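Please read the structure below before turning to the comments.
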Amino acid sequence: MPLASVVVSGIGIISPLGNSFPELMEGLQAGCSGVRIIPGLEKIGGLRPRLGAVVSGVDEKKIPRKFRRSMSAMSVFAYLASQQALEMAGYPEGQLGSGALGVIIGSTLGSTTTSEDFFKDFFRDYSLERMKTGLFFRMMGHSCAANVAQSLGITGRVLAPSAACATSCQAVGYAYEQIAMGRQEAILCGGADEFHPLTVATFDIMHAASTEFNLQPDAAPRPFDSLRDGMVCGEGSGVLLLENKESARKRGARILAEVVGFATTSDTSSIANPDVGAMVTCMRLAMEDAGCSAEEIDYVNAHATGTIQGDNAEAEAIRQFFGDRVPVSSLKGHLGHTMAASGAIELAGSIGMLQHQELIATRNLEQVDVNCAGINCFQKNHSQPLKTVLKNNFAMGGINSTIILKGYQDD
Amino acid sequence: MTEQEVIELIDSSLAEEFELERADMIPEANLYEDLGLDSLDTVDMVIVLESAFNFKIREEEAVREIRTLGDIHRFVLSKVEQHS
């Protein structure tokens, strides 16, 4: 069966650097930081980090109450990002309910904030009499995807992959495969997450969250840097509209990039610690899927969160393929780690780089760590011809994912 | 509570929960057609009223007959009277 080509025609962003694709690119190009001191973290017993990368300026009241009542913050982010993506793509409103459009949007968990609110009330007297109907719809695992489909009237497939930090990279990959196979003509795909101290604590107890820069929020995280001490947890949503290339062209859509390869694999060496060989396998499979060789990759957008182990392993995996030839950067120095949203937000950043033919350097990378040496961790934004980008996301649970993007040229 | 105070507490509680315009909240207003509520909202409405008036009404048959804001006013007033 011949596979269809798949393109990106819309991008929606709610992020610590701004709430649209242009704002994201402006923030990245200007080297801005979305990391802040989060008031209240200091009151949580045993929690050492004080930083977060949170969203501001979102007006959830723009969403009709009928739809908003079943949304926590992460679904609000996903809805607004989806709306932006459809608008940018000029996707016809009349086709939303045609069945040709699907939704693949995941999150790490259902809403932790909602769970906290519910159990706080429940433990008062173990009564369920105060439980309202919106609770389940905010806590369920497919909350973002279902809320987006319901509120926008989308009647195609609805899926909600959940693979922590690899969630939205997988979502984009699954959308690419389903469109390529002709199962859907277009899919809104990506991820969303909302900030909660539980997420910060999860990484803190494993010594994977930054604590040394608590008083200097814009100095963390520091991917590949010798002084890096862990990630900074964030929130947001990134949603891409993927479309069958032919149908996108037929309706006159402006095509932003092409998705040409995807792989996702399981690293069974550990549920928490990364393995270089497994990362190498994932990147190799994605390049095989794209039918391209390592020589054809012009830029690697790394997962690199700023943890000691993760960055070391990814740098080694990249070195094995690309040596110091291919420029590598991570956008988490600007954005923090937006968790389930990170793959799609960083893919959007990579598409922006393809459009502008300009590479964005890793923020806070001042001295490349000796353990990350041997790869091309450039330290200044610069113009460079770019055709093909490899994007990694690796997640707790041993989930690896890689997407290959190409810049689009009308043929 | 006076009758007026009961009605005010009902209306303010429902206005806050369902983001209703007070001007639309006339006794004749149909909950579904005029105020835009649906079946999920009516479940939540019972919880809001139980919390505002500290009574239990979920199992009452009469709740299922409620169609207008005036029906709510009359139902709650009778419950408040029973409890006083």
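Labels for the structure tokens follow display order: chains A, B, ..., residues from 1 in each chain, ligands from 1.
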Taking only C-alpha atoms into account, produce a table as a tab-separated table in which each residue of chain B with an atom at most 8 Å from an atom of chain A appears once, together with its shortest atom pair and the distance in Å to one decimal, ordered by chain and rising number.
residue	atom	partner	partner_atom	distance
B:Phe18	CA	A:Arg65	CA	7.6
B:Glu19	CA	A:Arg65	CA	7.7
B:Leu40	CA	A:Thr133	CA	6.2
B:Asp41	CA	A:Thr133	CA	7.9
B:Val43	CA	A:Thr133	CA	7.1
B:Asp44	CA	A:Lys132	CA	5.5
B:Ile47	CA	A:Arg130	CA	6.1
B:Ser51	CA	A:Arg130	CA	7.8
Keeping only N, CA and C atoms, take the residues you just selected and write them out as a tab-separated table (two decimals), in the first residue's frame.
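File produced: out.tsv:
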chain	number	residue	atom	x	y	z
B	18	PHE	N	-23.13	28.61	37.61
B	18	PHE	CA	-23.38	28.42	36.17
B	18	PHE	C	-23.15	29.68	35.36
B	19	GLU	N	-22.52	30.68	35.98
B	19	GLU	CA	-22.18	31.94	35.30
B	19	GLU	C	-23.39	32.52	34.59
B	40	LEU	N	-26.14	17.42	33.10
B	40	LEU	CA	-25.00	17.43	34.03
B	40	LEU	C	-25.15	18.60	35.00
B	41	ASP	N	-25.58	19.74	34.48
B	41	ASP	CA	-25.74	20.92	35.33
B	41	ASP	C	-26.79	20.69	36.42
B	43	VAL	N	-27.49	17.95	37.90
B	43	VAL	CA	-26.88	17.14	38.97
B	43	VAL	C	-26.06	18.07	39.87
B	44	ASP	N	-25.27	18.95	39.24
B	44	ASP	CA	-24.44	19.88	40.03
B	44	ASP	C	-25.31	20.89	40.79
B	47	ILE	N	-26.18	19.65	44.15
B	47	ILE	CA	-25.04	19.73	45.08
B	47	ILE	C	-24.85	21.17	45.57
B	51	SER	N	-25.31	22.34	49.43
B	51	SER	CA	-24.23	23.01	50.14
B	51	SER	C	-24.69	24.37	50.68
Check: What lies within 8 Å of Ile10 in chain B using only C-alpha atoms, ignoring chain neighbours under 2 positions off, as a ChimeraX atom specification?
Finding: /B:6-8,12-14,49,52,73
Please, could you write that set of residues out with N, CA and C atoms as a PDB file, in the first residue's frame?
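Saved the output as selection37.pdb:
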ATOM      1  N   VAL B   6     -33.975  33.593  51.104  1.00  0.00           N
ATOM      2  CA  VAL B   6     -33.826  32.247  50.517  1.00  0.00           C
ATOM      3  C   VAL B   6     -33.686  32.354  48.993  1.00  0.00           C
ATOM      4  N   ILE B   7     -34.556  33.150  48.386  1.00  0.00           N
ATOM      5  CA  ILE B   7     -34.523  33.300  46.918  1.00  0.00           C
ATOM      6  C   ILE B   7     -33.194  33.930  46.482  1.00  0.00           C
ATOM      7  N   GLU B   8     -32.737  34.900  47.259  1.00  0.00           N
ATOM      8  CA  GLU B   8     -31.463  35.547  46.912  1.00  0.00           C
ATOM      9  C   GLU B   8     -30.296  34.550  46.998  1.00  0.00           C
ATOM     10  N   SER B  12     -28.094  33.632  43.804  1.00  0.00           N
ATOM     11  CA  SER B  12     -26.663  33.981  43.785  1.00  0.00           C
ATOM     12  C   SER B  12     -25.803  32.718  43.669  1.00  0.00           C
ATOM     13  N   SER B  13     -26.234  31.630  44.324  1.00  0.00           N
ATOM     14  CA  SER B  13     -25.465  30.376  44.242  1.00  0.00           C
ATOM     15  C   SER B  13     -25.471  29.831  42.817  1.00  0.00           C
ATOM     16  N   LEU B  14     -26.647  29.848  42.197  1.00  0.00           N
ATOM     17  CA  LEU B  14     -26.749  29.310  40.832  1.00  0.00           C
ATOM     18  C   LEU B  14     -26.047  30.226  39.824  1.00  0.00           C
ATOM     19  N   LEU B  49     -27.157  23.489  45.798  1.00  0.00           N
ATOM     20  CA  LEU B  49     -28.240  23.843  46.728  1.00  0.00           C
ATOM     21  C   LEU B  49     -28.066  23.138  48.069  1.00  0.00           C
ATOM     22  N   ALA B  52     -25.488  25.098  49.891  1.00  0.00           N
ATOM     23  CA  ALA B  52     -25.934  26.430  50.309  1.00  0.00           C
ATOM     24  C   ALA B  52     -26.912  26.361  51.478  1.00  0.00           C
ATOM     25  N   HIS B  73     -37.275  27.841  43.428  1.00  0.00           N
ATOM     26  CA  HIS B  73     -37.610  28.715  44.563  1.00  0.00           C
ATOM     27  C   HIS B  73     -38.667  28.045  45.454  1.00  0.00           C
TER      28      HIS B  73
END
Notebook entry, point to check: What does the distance from CA of Ser226 in chain A to CA of Leu331 in chain A come to in Å, to one decimal?
Noted result: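 Spanning CA of Ser226 in chain A to CA of Leu331 in chain A is a straight-line distance of 17.0 Å.
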Next item on the list: Just list the residues in range 223-322 of chain A DSSP gives alpha helix (DSSP H) on the backbone, as a ChimeraX atom specification.
Entry: /A:245-250,276-290,308-322
Checklist line | Distance of CA of Gly374 in chain A from CA of Arg319 in chain A, expressed in Å to one decimal place | finding: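 Rounded to one decimal, the two atoms are 6.3 Å apart.
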Notebook entry, point to check: Excluding same-chain residues fewer than 3 positions from range 339-352 of chain A, what lies within 8 Å of it counting only C-alpha atoms, as JSON, numbers by chain?
Noted result: {"A": [11, 13, 15, 21, 24, 25, 28, 106, 107, 108, 162, 163, 164, 165, 166, 167, 168, 169, 172, 190, 191, 192, 193, 233, 234, 235, 236, 237, 238, 239, 240, 256, 257, 301, 331, 355, 356, 389, 391, 392, 393, 405, 407]}
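Residues in contact with Thr42 in chain B at 12 Å, where only C-alpha atoms are counted and same-chain residues fewer than 2 positions away are skipped, are listed as A:Lys132, A:Thr133, B:Leu14, B:Glu17, B:Phe18, B:Leu31, B:Tyr32, B:Leu35, B:Gly36, B:Leu37, B:Asp38, B:Ser39, B:Leu40, B:Asp44, B:Met45, B:Val46, B:Ile47, B:Val48, B:Leu49, B:Arg58, B:Val63, B:Arg64, B:Glu65, B:Ile66, B:Arg67, B:Thr68, B:Leu69, B:Ile72.
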Notebook entry, point to check: Which one is closest to Asp71 in chain B: B:Glu33, B:Ile26, B:His83, B:Glu16? Count only C-alpha atoms.
Noted result: B:Ile26
Next item on the list: Between CA of Asp324 in chain A and CA of Cys32 in chain A, measure the distance and give it in Å to one decimal.
Entry: 26.5 Å
Check: Pick the closest to Ile154 in chain A from A:Gly306, A:Pro64, A:Gly336, A:Gly94: which is it, counting only C-alpha atoms?
Finding: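 Residue with the minimum atom-to-atom distance to Ile154 in chain A: A:Gly94.
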